[in-house]
Structure formats: C-alpha cells, structure tokens
file data_36.tsv (TSV, C-alpha atoms)
chain	number	residue	atom	x	y	z
A	1	MET	CA	115.26	100.90	80.80
A	2	VAL	CA	111.59	100.03	81.37
A	3	LYS	CA	108.70	102.33	80.46
A	4	VAL	CA	106.08	102.43	83.18
A	5	LYS	CA	102.66	104.07	83.19
A	6	ILE	CA	100.97	104.71	86.53
A	7	TYR	CA	97.26	105.50	86.65
A	8	ILE	CA	95.83	107.19	89.75
A	9	GLU	CA	92.08	107.52	90.09
A	10	TYR	CA	89.41	107.94	92.71
A	11	LYS	CA	88.00	104.77	94.25
A	12	GLU	CA	84.44	103.85	93.34
A	13	GLY	CA	81.98	105.89	95.37
A	14	VAL	CA	84.36	108.78	96.09
A	15	GLU	CA	82.90	111.99	94.71
A	16	ASP	CA	85.25	113.85	92.35
A	17	PRO	CA	84.29	117.56	92.29
A	18	GLU	CA	86.44	118.19	89.20
A	19	ALA	CA	84.73	115.42	87.24
A	20	LEU	CA	81.30	116.72	88.31
A	21	THR	CA	82.28	120.22	87.13
A	22	VAL	CA	83.36	118.84	83.75
A	23	LYS	CA	80.08	116.92	83.45
A	24	LYS	CA	78.09	120.03	84.28
A	25	SER	CA	80.10	122.13	81.80
A	26	LEU	CA	79.51	119.58	79.06
A	27	SER	CA	75.81	119.75	79.71
A	28	LEU	CA	75.89	123.57	79.62
A	29	LEU	CA	77.71	123.39	76.28
A	30	GLY	CA	74.88	121.30	74.89
A	31	PHE	CA	76.49	117.87	74.90
A	32	GLU	CA	73.70	115.41	75.57
A	33	GLY	CA	73.85	111.88	76.91
A	34	ILE	CA	77.03	112.25	79.00
A	35	ASN	CA	76.07	110.07	81.95
A	36	SER	CA	79.33	110.14	83.84
A	37	VAL	CA	82.84	111.60	83.75
A	38	LYS	CA	85.85	110.04	85.40
A	39	ILE	CA	89.26	111.73	85.62
A	40	SER	CA	92.52	109.85	86.11
A	41	LYS	CA	96.06	111.08	86.40
A	42	VAL	CA	98.75	109.30	84.38
A	43	TYR	CA	102.44	109.36	85.28
A	44	GLU	CA	104.87	108.05	82.68
A	45	MET	CA	108.29	107.03	83.92
A	46	GLU	CA	111.41	105.40	82.58
A	47	ILE	CA	112.86	103.20	85.28
A	48	GLU	CA	116.20	101.42	85.23
A	49	GLY	CA	116.31	97.64	85.71
A	50	ASN	CA	114.06	94.80	84.57
A	51	LYS	CA	110.26	94.68	84.39
A	52	ASN	CA	109.83	93.08	87.80
A	53	SER	CA	112.04	95.50	89.67
A	54	ALA	CA	110.50	98.48	87.81
A	55	ARG	CA	107.00	97.35	88.74
A	56	LYS	CA	108.03	96.88	92.36
A	57	LYS	CA	109.55	100.36	92.42
A	58	ALA	CA	106.45	101.88	90.80
A	59	VAL	CA	104.17	100.30	93.41
A	60	GLU	CA	106.37	101.71	96.16
A	61	ILE	CA	106.20	105.15	94.50
A	62	CYS	CA	102.39	104.93	94.48
A	63	GLU	CA	102.23	103.99	98.14
A	64	LYS	CA	104.75	106.56	99.32
A	65	LEU	CA	103.78	109.51	97.15
A	66	LEU	CA	101.24	109.32	94.37
A	67	ALA	CA	98.14	107.78	95.99
A	68	ASN	CA	96.32	108.33	99.25
A	69	PRO	CA	94.68	104.96	100.01
A	70	VAL	CA	91.69	106.67	101.64
A	71	ILE	CA	90.39	107.89	98.26
A	72	HIS	CA	92.66	106.59	95.50
A	73	ARG	CA	93.33	103.36	93.65
A	74	TYR	CA	96.30	102.88	91.38
A	75	GLU	CA	97.29	100.74	88.45
A	76	VAL	CA	100.82	100.11	87.20
A	77	ASN	CA	101.37	99.16	83.55
A	78	VAL	CA	104.82	98.00	82.47
A	79	ASP	CA	105.70	97.94	78.73
B	1	MET	CA	108.42	127.15	131.79
B	2	LYS	CA	108.00	130.87	131.10
B	3	THR	CA	106.37	131.97	127.83
B	4	GLU	CA	109.52	133.85	126.81
B	5	ASP	CA	111.49	130.59	127.00
B	6	ILE	CA	109.16	128.67	124.68
B	7	ARG	CA	110.99	128.01	121.41
B	8	ILE	CA	108.87	127.41	118.36
B	9	ALA	CA	110.16	126.11	115.02
B	10	LEU	CA	108.14	127.45	112.09
B	11	LEU	CA	108.97	124.79	109.57
B	12	ARG	CA	109.12	125.74	105.92
B	13	ILE	CA	110.14	124.50	102.51
B	14	GLU	CA	109.68	126.14	99.12
B	15	GLY	CA	106.11	127.40	98.78
B	16	THR	CA	105.38	127.94	102.49
B	17	ASN	CA	103.95	131.46	102.73
B	18	CYS	CA	102.24	132.05	106.09
B	19	GLU	CA	105.37	131.87	108.22
B	20	ASP	CA	105.75	135.65	108.72
B	21	GLU	CA	102.21	136.26	110.04
B	22	SER	CA	102.56	133.20	112.26
B	23	LEU	CA	105.93	134.41	113.57
B	24	ASN	CA	104.57	137.91	114.27
B	25	ALA	CA	101.56	136.56	116.14
B	26	LEU	CA	103.58	134.23	118.38
B	27	LYS	CA	106.31	136.83	118.92
B	28	SER	CA	103.75	139.38	120.05
B	29	MET	CA	102.64	136.89	122.73
B	30	GLY	CA	106.16	136.77	124.12
B	31	ALA	CA	107.27	133.37	122.81
B	32	ARG	CA	110.41	132.69	120.72
B	33	PRO	CA	109.35	131.60	117.24
B	34	GLU	CA	111.99	131.08	114.54
B	35	HIS	CA	111.86	130.26	110.85
B	36	VAL	CA	113.43	126.85	110.32
B	37	HIS	CA	113.93	125.33	106.89
B	38	LEU	CA	113.52	121.56	106.65
B	39	ASN	CA	117.05	121.32	105.22
B	40	GLU	CA	118.45	122.87	108.43
B	41	LEU	CA	116.94	120.01	110.43
B	42	ILE	CA	118.11	117.43	107.90
B	43	ARG	CA	121.70	118.80	107.95
B	44	LYS	CA	121.57	119.08	111.76
B	45	LYS	CA	122.23	122.83	111.67
B	46	ARG	CA	119.30	123.03	114.02
B	47	ASN	CA	117.84	120.31	116.23
B	48	LEU	CA	114.16	119.61	116.69
B	49	GLU	CA	114.77	118.66	120.33
B	50	ASP	CA	115.67	122.30	121.11
B	51	TYR	CA	112.05	123.35	120.51
B	52	GLN	CA	108.83	122.87	122.46
B	53	MET	CA	106.58	123.38	119.46
B	54	LEU	CA	106.77	122.61	115.77
B	55	PHE	CA	104.47	124.73	113.65
B	56	ILE	CA	103.91	123.92	109.98
B	57	PRO	CA	102.24	127.02	108.54
B	58	GLY	CA	100.07	127.42	105.48
B	59	GLY	CA	101.08	127.91	101.88
B	60	PHE	CA	101.59	125.74	98.83
B	61	SER	CA	104.53	123.52	99.69
B	62	ALA	CA	106.38	122.34	96.55
B	63	GLY	CA	103.58	123.83	94.46
B	64	ASP	CA	101.11	121.43	96.06
B	65	TYR	CA	101.79	119.13	93.11
B	66	ILE	CA	100.49	115.54	93.24
B	67	ARG	CA	98.34	116.38	96.33
B	68	ALA	CA	98.48	119.30	98.71
B	69	GLY	CA	101.14	118.68	101.34
B	70	ILE	CA	102.26	115.24	100.14
B	71	ILE	CA	105.70	116.29	98.88
B	72	PHE	CA	106.49	118.09	102.17
B	73	ALA	CA	105.22	115.05	104.07
B	74	ALA	CA	107.22	112.57	101.98
B	75	ARG	CA	110.40	114.60	102.52
B	76	ILE	CA	109.85	114.74	106.29
B	77	LYS	CA	109.16	111.00	106.38
B	78	ALA	CA	112.30	110.21	104.38
B	79	THR	CA	114.59	112.34	106.55
B	80	ILE	CA	113.58	113.43	110.07
B	81	LYS	CA	110.85	110.87	110.85
B	82	ASN	CA	112.55	109.50	113.96
B	83	ASP	CA	113.24	112.97	115.40
B	84	LEU	CA	109.63	113.97	114.81
B	85	LEU	CA	108.31	110.77	116.32
B	86	LYS	CA	110.35	111.37	119.47
B	87	PHE	CA	109.12	114.98	119.55
B	88	ILE	CA	105.51	113.72	119.49
B	89	GLU	CA	106.20	110.96	122.03
B	90	ASP	CA	107.67	113.61	124.35
B	91	GLU	CA	104.21	115.26	124.13
B	92	LYS	CA	105.58	118.43	122.59
B	93	ILE	CA	103.17	120.39	120.40
B	94	VAL	CA	102.92	119.93	116.63
B	95	LEU	CA	100.56	122.37	114.91
B	96	GLY	CA	99.63	122.32	111.25
B	97	VAL	CA	97.56	125.11	109.76
B	98	CYS	CA	95.98	124.70	106.31
B	99	ASN	CA	98.87	123.30	104.22
B	100	GLY	CA	100.43	122.23	107.52
B	101	PHE	CA	97.28	120.25	108.34
B	102	GLN	CA	97.48	118.61	104.91
B	103	VAL	CA	101.14	117.71	105.60
B	104	LEU	CA	100.33	116.13	108.99
B	105	THR	CA	97.45	114.17	107.46
B	106	GLU	CA	99.55	112.88	104.56
B	107	LEU	CA	102.28	111.96	107.07
B	108	GLY	CA	99.81	109.65	108.82
B	109	ILE	CA	100.13	111.55	112.14
B	110	LEU	CA	96.64	113.00	111.96
B	111	PRO	CA	93.95	112.12	112.79
B	112	GLY	CA	95.89	109.55	114.84
B	113	ILE	CA	92.77	107.73	115.96
B	114	GLU	CA	94.30	104.32	116.61
B	115	ASN	CA	98.05	104.85	116.44
B	116	LEU	CA	100.45	107.74	117.03
B	117	TRP	CA	101.82	107.37	113.49
B	118	GLU	CA	100.08	105.32	110.78
B	119	GLU	CA	102.23	103.79	108.04
B	120	HIS	CA	99.73	104.99	105.41
B	121	PRO	CA	97.50	108.09	105.74
B	122	GLY	CA	94.39	107.34	107.81
B	123	ALA	CA	92.47	110.30	106.35
B	124	VAL	CA	92.64	112.79	103.54
B	125	LEU	CA	91.97	116.47	102.90
B	126	ALA	CA	90.44	116.05	99.47
B	127	PRO	CA	89.49	118.75	96.92
B	128	ASN	CA	86.65	120.97	98.10
B	129	ILE	CA	83.21	119.73	97.13
B	130	SER	CA	82.65	123.07	95.32
B	131	ASN	CA	85.73	122.42	93.15
B	132	LYS	CA	86.75	126.01	94.00
B	133	PHE	CA	89.50	127.66	95.98
B	134	GLU	CA	87.47	128.85	98.99
B	135	CYS	CA	88.93	132.05	100.43
B	136	ARG	CA	86.66	133.73	102.97
B	137	TRP	CA	85.72	134.02	106.65
B	138	ILE	CA	83.67	131.13	107.99
B	139	TYR	CA	81.86	130.42	111.25
B	140	LEU	CA	83.02	127.84	113.76
B	141	LYS	CA	81.89	126.27	117.00
B	142	LYS	CA	84.17	124.41	119.34
B	143	GLU	CA	83.59	120.84	120.49
B	144	ARG	CA	84.51	119.32	123.82
B	145	SER	CA	88.04	118.19	123.08
B	146	VAL	CA	91.47	117.34	124.44
B	147	CYS	CA	93.03	120.09	122.29
B	148	PRO	CA	95.10	122.54	124.37
B	149	PHE	CA	92.94	125.55	123.39
B	150	ASN	CA	89.68	123.93	124.42
B	151	GLU	CA	89.44	126.19	127.49
B	152	THR	CA	90.57	129.43	125.86
B	153	LEU	CA	88.23	129.34	122.86
B	154	PRO	CA	84.79	130.90	123.44
B	155	ASP	CA	81.70	128.69	123.72
B	156	LYS	CA	79.76	130.85	121.29
B	157	VAL	CA	80.08	130.90	117.50
B	158	PHE	CA	83.29	132.55	116.31
B	159	SER	CA	84.80	133.37	112.96
B	160	MET	CA	88.16	132.78	111.22
B	161	PRO	CA	89.38	132.95	107.64
B	162	ILE	CA	90.03	129.97	105.38
B	163	ALA	CA	91.92	129.85	102.07
B	164	HIS	CA	92.22	126.42	100.47
B	165	ALA	CA	91.26	124.21	97.55
B	166	GLU	CA	91.77	120.91	99.38
B	167	GLY	CA	90.17	120.89	102.81
B	168	ARG	CA	87.50	118.23	102.67
B	169	PHE	CA	88.25	115.95	105.60
B	170	MET	CA	87.44	112.35	104.75
B	171	LEU	CA	87.97	108.99	106.45
B	172	PRO	CA	88.09	105.59	104.69
B	173	GLU	CA	84.51	104.90	103.57
B	174	ASN	CA	84.36	101.33	104.87
B	175	ARG	CA	85.38	102.41	108.42
B	176	GLU	CA	84.02	105.95	108.41
B	177	LYS	CA	81.28	105.51	111.02
B	178	TYR	CA	83.47	103.56	113.43
B	179	LEU	CA	86.45	105.95	113.15
B	180	LEU	CA	84.30	109.07	113.44
B	181	GLU	CA	82.65	107.73	116.60
B	182	LYS	CA	86.09	106.96	118.00
B	183	MET	CA	87.26	110.51	117.23
B	184	ILE	CA	84.23	111.92	119.03
B	185	ASP	CA	84.73	109.61	122.03
B	186	ASN	CA	88.44	110.50	122.19
B	187	GLY	CA	87.62	114.23	122.15
B	188	GLN	CA	89.69	114.75	119.00
B	189	ILE	CA	87.43	117.21	117.19
B	190	ALA	CA	88.48	120.78	118.00
B	191	PHE	CA	85.86	122.76	116.11
B	192	ARG	CA	83.30	122.39	113.33
B	193	TYR	CA	81.92	124.61	110.58
B	194	VAL	CA	78.53	126.12	111.42
B	195	ASP	CA	76.19	128.80	110.13
B	196	ARG	CA	75.82	132.18	111.87
B	197	GLU	CA	73.40	130.71	114.41
B	198	GLY	CA	75.59	127.73	115.21
B	199	ASN	CA	73.72	125.09	113.19
B	200	PHE	CA	75.65	122.38	111.38
B	201	GLU	CA	74.76	123.04	107.75
B	202	GLY	CA	76.13	122.06	104.34
B	203	TYR	CA	77.82	124.21	101.72
B	204	PRO	CA	78.52	127.16	101.81
B	205	TRP	CA	78.64	127.09	105.63
B	206	ASN	CA	80.69	123.93	105.43
B	207	PRO	CA	83.05	125.40	102.83
B	208	ASN	CA	84.67	122.19	101.63
B	209	GLY	CA	82.18	119.40	102.37
B	210	SER	CA	84.14	118.00	105.31
B	211	LEU	CA	82.79	114.94	107.06
B	212	TYR	CA	80.82	115.95	110.19
B	213	ASN	CA	81.70	119.61	109.35
B	214	ILE	CA	85.18	119.04	110.83
B	215	ALA	CA	87.41	122.13	110.59
B	216	GLY	CA	90.09	121.32	113.17
B	217	LEU	CA	91.18	118.28	115.12
B	218	CYS	CA	93.94	116.76	117.21
B	219	ASN	CA	95.38	113.31	117.84
B	220	MET	CA	94.38	111.12	120.79
B	221	THR	CA	96.83	112.77	123.17
B	222	GLY	CA	95.95	116.30	122.04
B	223	ASN	CA	99.51	117.38	121.20
B	224	VAL	CA	99.31	117.09	117.41
B	225	ILE	CA	96.81	119.56	116.03
B	226	GLY	CA	95.59	120.37	112.53
B	227	MET	CA	93.16	123.01	111.32
B	228	MET	CA	92.07	124.50	107.99
B	229	PRO	CA	91.19	127.99	109.36
B	230	HIS	CA	94.10	130.41	109.80
B	231	PRO	CA	94.50	131.61	113.42
B	232	GLU	CA	97.42	133.87	112.41
B	233	ARG	CA	95.04	135.77	110.13
B	234	ALA	CA	92.53	136.37	112.93
B	235	PHE	CA	94.95	137.60	115.52
B	236	PHE	CA	95.50	141.37	115.42
B	237	ASP	CA	92.64	143.87	115.54
B	238	PHE	CA	93.47	145.18	112.08
B	239	GLN	CA	92.89	141.69	110.67
B	240	ASN	CA	89.53	141.33	112.36
B	241	LEU	CA	86.73	141.71	109.87
B	242	GLU	CA	84.25	142.64	112.59
B	243	PHE	CA	86.46	144.96	114.61
B	244	TRP	CA	84.91	148.04	113.01
B	245	ARG	CA	81.47	146.72	113.96
B	246	GLY	CA	82.48	146.70	117.62
B	247	ASN	CA	83.55	143.06	117.91
B	248	SER	CA	87.01	143.07	119.40
B	249	GLU	CA	87.43	139.29	119.57
B	250	THR	CA	90.28	137.71	117.62
B	251	PRO	CA	89.85	133.94	117.96
B	252	GLY	CA	93.29	133.19	116.55
B	253	ARG	CA	94.73	134.71	119.72
B	254	TYR	CA	92.75	132.22	121.86
B	255	ILE	CA	94.21	129.31	119.93
B	256	PHE	CA	97.85	130.38	120.40
B	257	GLU	CA	97.13	131.44	123.99
B	258	GLY	CA	95.77	127.97	124.81
B	259	ILE	CA	98.77	126.26	123.24
B	260	LEU	CA	101.36	128.47	124.98
B	261	LYS	CA	99.60	128.05	128.34
B	262	HIS	CA	99.62	124.28	127.83
B	263	ILE	CA	103.37	124.30	127.06
B	264	SER	CA	104.10	126.55	130.08
B	265	ARG	CA	102.29	124.14	132.38
B	266	LYS	CA	103.77	120.98	130.89
B	267	PHE	CA	107.47	121.85	130.55

call {"tool": "encode", "arguments": {"input": "data_36.tsv", "output": "structure tokens"}}
result
Amino acid sequence: MVKVKIYIEYKEGVEDPEALTVKKSLSLLGFEGINSVKISKVYEMEIEGNKNSARKKAVEICEKLLANPVIHRYEVNVD
Amino acid sequence: MKTEDIRIALLRIEGTNCEDESLNALKSMGARPEHVHLNELIRKKRNLEDYQMLFIPGGFSAGDYIRAGIIFAARIKATIKNDLLKFIEDEKIVLGVCNGFQVLTELGILPGIENLWEEHPGAVLAPNISNKFECRWIYLKKERSVCPFNETLPDKVFSMPIAHAEGRFMLPENREKYLLEKMIDNGQIAFRYVDREGNFEGYPWNPNGSLYNIAGLCNMTGNVIGMMPHPERAFFDFQNLEFWRGNSETPGRYIFEGILKHISRKF
C-alpha cells in the first residue's frame, strides 16, 4: 500500500475568488501585512501497488477527475 | 418530423434538480420529454439513439464535489462516451443548462472550438468572481450565432434567471485571444450578459466574471449547446418576473421553440 498526496491549485495568474475573500476578511479582522493568500486542495489516498504504479495512477486520476488543465496545476507526492 | 414525435431524454443522476420544470416546459410545447437516469443508458434499459435531443438539466450533480459537473462528466465519459459521440456526429441536439453546461464543458464537448470532442477540457466554468452563489434575474443580448434558437430569440435585451456558484467561462490564458476570436468567427456565442440598456458591463451585470460576458454558447456545428441562464424558469407566465408589469415575453420559450423547430426541420 502506498500513501499518496495530491495537491491541486490554481495556475499562476488565475484569479481565485475564495483566496481573495480570505485575504479581504483577514484585513477586516485587523491582520496586517498579508500580501497574498493561496488555497490548495489536498487529496490523501492509499493506493495498492508499488510507488511507480501508484504515482502513475494518481496522475491519471488528476487528469481524468481532479484537475481542469485550463486553470489548475497538480502535484503528486508519494511517501 | 412532427413536434409530438420528438423524443427528449432529460438525463439525470443524483443531485439533478431541474428536470421537472424542464419536462413540463417541453411537454407543454407538444414534444415527448422523459426522465432518463444515466444508469438506464449504461445498462441499456434505454438507448440514446431513440432520442432526438439529450438535455442535461441544472442541479448539483453528485453534490458538485471536486468541481461542478465533473463527476457527472467523468461517469458519462467512462460509460456511454461512444454512444454520445455518435449522437453528436448525427447532429442531434445536446443541451446543457447550468450544471448541464458545466458537465458538457468538463466532458470536453464544449466549447468545441477546434474538435468535436477534446480529450481534456478546453474551457472551464470557474467559481464566480464574486465568490458568491448568484441567484437572480440577469439581462442578456443575443449574438449572431449558429445556435438553433438564433432566429427565435428577440433582438432586444431580454431577461432570464441564473442560479450558480461556478459560471465564470474561461479559456486557457495562453490561447485565450486566439480561441475567443475563433468562437466569434464560428458564430458559437449564443448570448452575452448586458446591463438594462444592452451595454457589456462588468459585475454585477456580468454575474460571474465570464470572459467576453459569455452566458451561452454552442459548438462549431451548433448542435451542442450550453447556457448558465435557466430557460425552464422563464417559460410560463407565472414565472415571469415582469408579467405583472405588462411584459408577457418569456424568453425561455423562444429557446425551446428554436430547438424544436430545428429538430422538426432536420429529422
């Protein structure tokens, strides 16, 4: 069993309305000096097989389901 | 083909919730809409080829987890892709409203600027720029397009309701200008968000921050159509926000009318 973490985030330059809302809220709460906020989604999976096959499967999962290449980039970390 | 012979599959999975209004609207026009669950097509209890139109209505398919429409799209792709491709190649109509539009975009069928079916999505309906669920009536203006309701929609500004959190139409940034120009040249843009006077303005008139104020579009051949506004909610007089002010126009009716006329002529 291989533990895999998949990170999905917006590509550079793509505006994230949720992150902008968080940044604005932080400012309203009095937090100073927060220049940027970036939000990523993390999926943790346990995949059968070896590290190579798990990574291959995780990449396929990203391309078929988790990421839209128009706005997202993904990163796969295998333990 | 007569209108009463036109069979329409209203495709649903768990979380679809606009299928009844859509069915009532199309039924009242004399067509033969039916609720069809995706599993019925997968198990061959019903066949896509028996229908002239596939309509994916609005809702929150599979909870809209991961991204709106992606789970519905992934399930279609993994099961009935070939049947759907043939359906599109036969120039039958595929309509996606709201969540249905998100499904068709995630499938890679819309906007269909260069190919009938892209392996990866060629566009996205991203979270609204306001980061809010926008649920209200908006103003629209039609473009010159190859969409089947191009003739039936009025030339003047008209209004329809929207209800979505993810409706911001975006193209890949590095090819945005080229692809948008191609969409315009192909006549793929059905209608755009405007203000009351018909000017192309930003938020709140453009309720989600869509590129070029795009609210509805179709593929190159005009038979696959997606739109964020809900025609089934602007269909009967009692749904019409302005009916009591003397405006008896229900633009949703023009959209379905154009599509049914197109099918009658073609098949």

call {"tool": "closest_atom_pairs", "arguments": {"input": "data_36.tsv", "of": "chain B", "to": "chain A", "cutoff": "12 Å", "atoms": "only C-alpha atoms", "output": "JSON lines"}}
result
{"residue": "B:Tyr65", "atom": "CA", "partner": "A:Leu66", "partner_atom": "CA", "distance": 9.9}
{"residue": "B:Ile66", "atom": "CA", "partner": "A:Leu66", "partner_atom": "CA", "distance": 6.4}
{"residue": "B:Arg67", "atom": "CA", "partner": "A:Leu66", "partner_atom": "CA", "distance": 7.9}
{"residue": "B:Ala68", "atom": "CA", "partner": "A:Asn68", "partner_atom": "CA", "distance": 11.2}
{"residue": "B:Gly69", "atom": "CA", "partner": "A:Leu65", "partner_atom": "CA", "distance": 10.4}
{"residue": "B:Ile70", "atom": "CA", "partner": "A:Leu65", "partner_atom": "CA", "distance": 6.6}
{"residue": "B:Ile71", "atom": "CA", "partner": "A:Leu65", "partner_atom": "CA", "distance": 7.3}
{"residue": "B:Phe72", "atom": "CA", "partner": "A:Leu65", "partner_atom": "CA", "distance": 10.3}
{"residue": "B:Ala73", "atom": "CA", "partner": "A:Leu65", "partner_atom": "CA", "distance": 9.0}
{"residue": "B:Ala74", "atom": "CA", "partner": "A:Leu65", "partner_atom": "CA", "distance": 6.7}
{"residue": "B:Arg75", "atom": "CA", "partner": "A:Leu65", "partner_atom": "CA", "distance": 9.9}
{"residue": "B:Ile76", "atom": "CA", "partner": "A:Lys64", "partner_atom": "CA", "distance": 11.9}
{"residue": "B:Lys77", "atom": "CA", "partner": "A:Lys64", "partner_atom": "CA", "distance": 9.4}
{"residue": "B:Ala78", "atom": "CA", "partner": "A:Lys64", "partner_atom": "CA", "distance": 9.8}
{"residue": "B:Gln102", "atom": "CA", "partner": "A:Asn68", "partner_atom": "CA", "distance": 11.8}
{"residue": "B:Thr105", "atom": "CA", "partner": "A:Asn68", "partner_atom": "CA", "distance": 10.1}
{"residue": "B:Glu106", "atom": "CA", "partner": "A:Asn68", "partner_atom": "CA", "distance": 7.7}
{"residue": "B:Leu107", "atom": "CA", "partner": "A:Lys64", "partner_atom": "CA", "distance": 9.8}
{"residue": "B:Gly108", "atom": "CA", "partner": "A:Asn68", "partner_atom": "CA", "distance": 10.3}
{"residue": "B:Glu119", "atom": "CA", "partner": "A:Lys64", "partner_atom": "CA", "distance": 9.5}
{"residue": "B:His120", "atom": "CA", "partner": "A:Pro69", "partner_atom": "CA", "distance": 7.4}
{"residue": "B:Pro121", "atom": "CA", "partner": "A:Asn68", "partner_atom": "CA", "distance": 6.6}
{"residue": "B:Gly122", "atom": "CA", "partner": "A:Val70", "partner_atom": "CA", "distance": 6.8}
{"residue": "B:Ala123", "atom": "CA", "partner": "A:Val70", "partner_atom": "CA", "distance": 6.0}
{"residue": "B:Val124", "atom": "CA", "partner": "A:Val70", "partner_atom": "CA", "distance": 6.5}
{"residue": "B:Leu125", "atom": "CA", "partner": "A:Ile71", "partner_atom": "CA", "distance": 9.9}
{"residue": "B:Ala126", "atom": "CA", "partner": "A:Ile71", "partner_atom": "CA", "distance": 8.2}
{"residue": "B:Pro127", "atom": "CA", "partner": "A:Pro17", "partner_atom": "CA", "distance": 7.1}
{"residue": "B:Asn128", "atom": "CA", "partner": "A:Pro17", "partner_atom": "CA", "distance": 7.1}
{"residue": "B:Ile129", "atom": "CA", "partner": "A:Pro17", "partner_atom": "CA", "distance": 5.4}
{"residue": "B:Ser130", "atom": "CA", "partner": "A:Pro17", "partner_atom": "CA", "distance": 6.5}
{"residue": "B:Asn131", "atom": "CA", "partner": "A:Pro17", "partner_atom": "CA", "distance": 5.1}
{"residue": "B:Lys132", "atom": "CA", "partner": "A:Pro17", "partner_atom": "CA", "distance": 9.0}
{"residue": "B:Phe133", "atom": "CA", "partner": "A:Pro17", "partner_atom": "CA", "distance": 11.9}
{"residue": "B:Ala165", "atom": "CA", "partner": "A:Pro17", "partner_atom": "CA", "distance": 11.0}
{"residue": "B:Glu166", "atom": "CA", "partner": "A:Pro17", "partner_atom": "CA", "distance": 10.8}
{"residue": "B:Arg168", "atom": "CA", "partner": "A:Pro17", "partner_atom": "CA", "distance": 10.9}
{"residue": "B:Phe169", "atom": "CA", "partner": "A:Val70", "partner_atom": "CA", "distance": 10.7}
{"residue": "B:Met170", "atom": "CA", "partner": "A:Val70", "partner_atom": "CA", "distance": 7.7}
{"residue": "B:Leu171", "atom": "CA", "partner": "A:Val70", "partner_atom": "CA", "distance": 6.5}
{"residue": "B:Pro172", "atom": "CA", "partner": "A:Val70", "partner_atom": "CA", "distance": 4.8}
{"residue": "B:Glu173", "atom": "CA", "partner": "A:Val70", "partner_atom": "CA", "distance": 7.6}
{"residue": "B:Asn174", "atom": "CA", "partner": "A:Val70", "partner_atom": "CA", "distance": 9.6}
{"residue": "B:Arg175", "atom": "CA", "partner": "A:Val70", "partner_atom": "CA", "distance": 10.2}
{"residue": "B:Glu176", "atom": "CA", "partner": "A:Val70", "partner_atom": "CA", "distance": 10.3}
{"residue": "B:Asn208", "atom": "CA", "partner": "A:Pro17", "partner_atom": "CA", "distance": 10.4}
{"residue": "B:Gly209", "atom": "CA", "partner": "A:Pro17", "partner_atom": "CA", "distance": 10.5}

call {"tool": "residues_near_point", "arguments": {"input": "data_36.tsv", "point": "(102.9, 126.7, 106.2)", "cutoff": "12 Å", "atoms": "all atoms listed in the file", "output": "PyMOL selection string"}}
result
chain B and resi 9-23+35-38+54-62+64+68-69+72+95-104+226-228+230+232

call {"tool": "residues_around", "arguments": {"input": "data_36.tsv", "residues": "Asn82 (chain B)", "least_positions_apart": "3", "cutoff": "12 Å", "atoms": "all atoms listed in the file", "output": "ChimeraX atom specification"}}
result
/B:41-42,48-49,76-79,85-89,117

call {"tool": "write_last_selection", "arguments": {"input": "data_36.tsv", "atoms": "C-alpha atoms", "output": "short mmCIF file (atom, residue, chain, number, x, y, z; two decimals), in the frame of the given file"}}
result
data_model
loop_
_atom_site.label_atom_id
_atom_site.label_comp_id
_atom_site.auth_asym_id
_atom_site.auth_seq_id
_atom_site.Cartn_x
_atom_site.Cartn_y
_atom_site.Cartn_z
CA LEU B 41 116.94 120.01 110.43
CA ILE B 42 118.11 117.43 107.90
CA LEU B 48 114.16 119.61 116.69
CA GLU B 49 114.77 118.66 120.33
CA ILE B 76 109.85 114.74 106.29
CA LYS B 77 109.16 111.00 106.38
CA ALA B 78 112.30 110.21 104.38
CA THR B 79 114.59 112.34 106.55
CA LEU B 85 108.31 110.77 116.32
CA LYS B 86 110.35 111.37 119.47
CA PHE B 87 109.12 114.98 119.55
CA ILE B 88 105.51 113.72 119.49
CA GLU B 89 106.20 110.96 122.03
CA TRP B 117 101.82 107.37 113.49
#

call {"tool": "residues_around", "arguments": {"input": "data_36.tsv", "residues": "region 43-53 of chain A", "least_positions_apart": "2", "cutoff": "8 Å", "atoms": "only C-alpha atoms", "output": "ChimeraX atom specification"}}
result
/A:1-7,41,55-57,78-79

call {"tool": "write_last_selection", "arguments": {"input": "data_36.tsv", "atoms": "C-alpha atoms", "output": "PDB file, in the coordinates of the input"}}
result
ATOM      1  CA  MET A   1     115.260 100.900  80.800  1.00  0.00           C
ATOM      2  CA  VAL A   2     111.590 100.030  81.370  1.00  0.00           C
ATOM      3  CA  LYS A   3     108.700 102.330  80.460  1.00  0.00           C
ATOM      4  CA  VAL A   4     106.080 102.430  83.180  1.00  0.00           C
ATOM      5  CA  LYS A   5     102.660 104.070  83.190  1.00  0.00           C
ATOM      6  CA  ILE A   6     100.970 104.710  86.530  1.00  0.00           C
ATOM      7  CA  TYR A   7      97.260 105.500  86.650  1.00  0.00           C
ATOM      8  CA  LYS A  41      96.060 111.080  86.400  1.00  0.00           C
ATOM      9  CA  ARG A  55     107.000  97.350  88.740  1.00  0.00           C
ATOM     10  CA  LYS A  56     108.030  96.880  92.360  1.00  0.00           C
ATOM     11  CA  LYS A  57     109.550 100.360  92.420  1.00  0.00           C
ATOM     12  CA  VAL A  78     104.820  98.000  82.470  1.00  0.00           C
ATOM     13  CA  ASP A  79     105.700  97.940  78.730  1.00  0.00           C
TER      14      ASP A  79
END

call {"tool": "closest_residue", "arguments": {"input": "data_36.tsv", "among": "B:Ile189, B:Leu153, B:Val194, B:Cys147", "to": "Arg253 (chain B)", "atoms": "only C-alpha atoms"}}
result
B:Leu153

call {"tool": "atom_distance", "arguments": {"input": "data_36.tsv", "atom1": "CA of Ile214 (chain B)", "atom2": "CA of Ile39 (chain A)"}}
result
26.6 Å

call {"tool": "atom_distance", "arguments": {"input": "data_36.tsv", "atom1": "CA of Gly30 (chain B)", "atom2": "CA of Thr221 (chain B)"}}
result
25.8 Å

call {"tool": "closest_residue", "arguments": {"input": "data_36.tsv", "among": "B:Asp195, B:Asp50, B:Asp237, B:Glu257", "to": "Pro148 (chain B)", "atoms": "only C-alpha atoms"}}
result
B:Glu257

call {"tool": "atom_distance", "arguments": {"input": "data_36.tsv", "atom1": "CA of Ile138 (chain B)", "atom2": "CA of Cys218 (chain B)"}}
result
19.9 Å

call {"tool": "decode", "arguments": {"input": "data_36.tsv", "residues": "region 50-55 of chain A", "atoms": "N, CA and C atoms", "output": "compact mmCIF listing (two decimals), in the first residue's frame"}}
result
# COMPACT_ATOMS: atom_id res chain seq x y z
N ASN A 50 3.16 -0.65 -6.17
CA ASN A 50 4.41 -0.01 -5.78
C ASN A 50 4.35 1.50 -6.04
N LYS A 51 5.45 2.19 -5.68
CA LYS A 51 5.45 3.66 -5.78
C LYS A 51 5.22 4.14 -7.21
N ASN A 52 5.88 3.46 -8.15
CA ASN A 52 5.76 3.89 -9.56
C ASN A 52 4.34 3.76 -10.08
N SER A 53 3.74 2.59 -9.82
CA SER A 53 2.39 2.38 -10.33
C SER A 53 1.39 3.30 -9.63
N ALA A 54 1.62 3.56 -8.31
CA ALA A 54 0.73 4.45 -7.56
C ALA A 54 0.81 5.88 -8.12
N ARG A 55 2.04 6.31 -8.42
CA ARG A 55 2.21 7.66 -8.96
C ARG A 55 1.51 7.78 -10.32
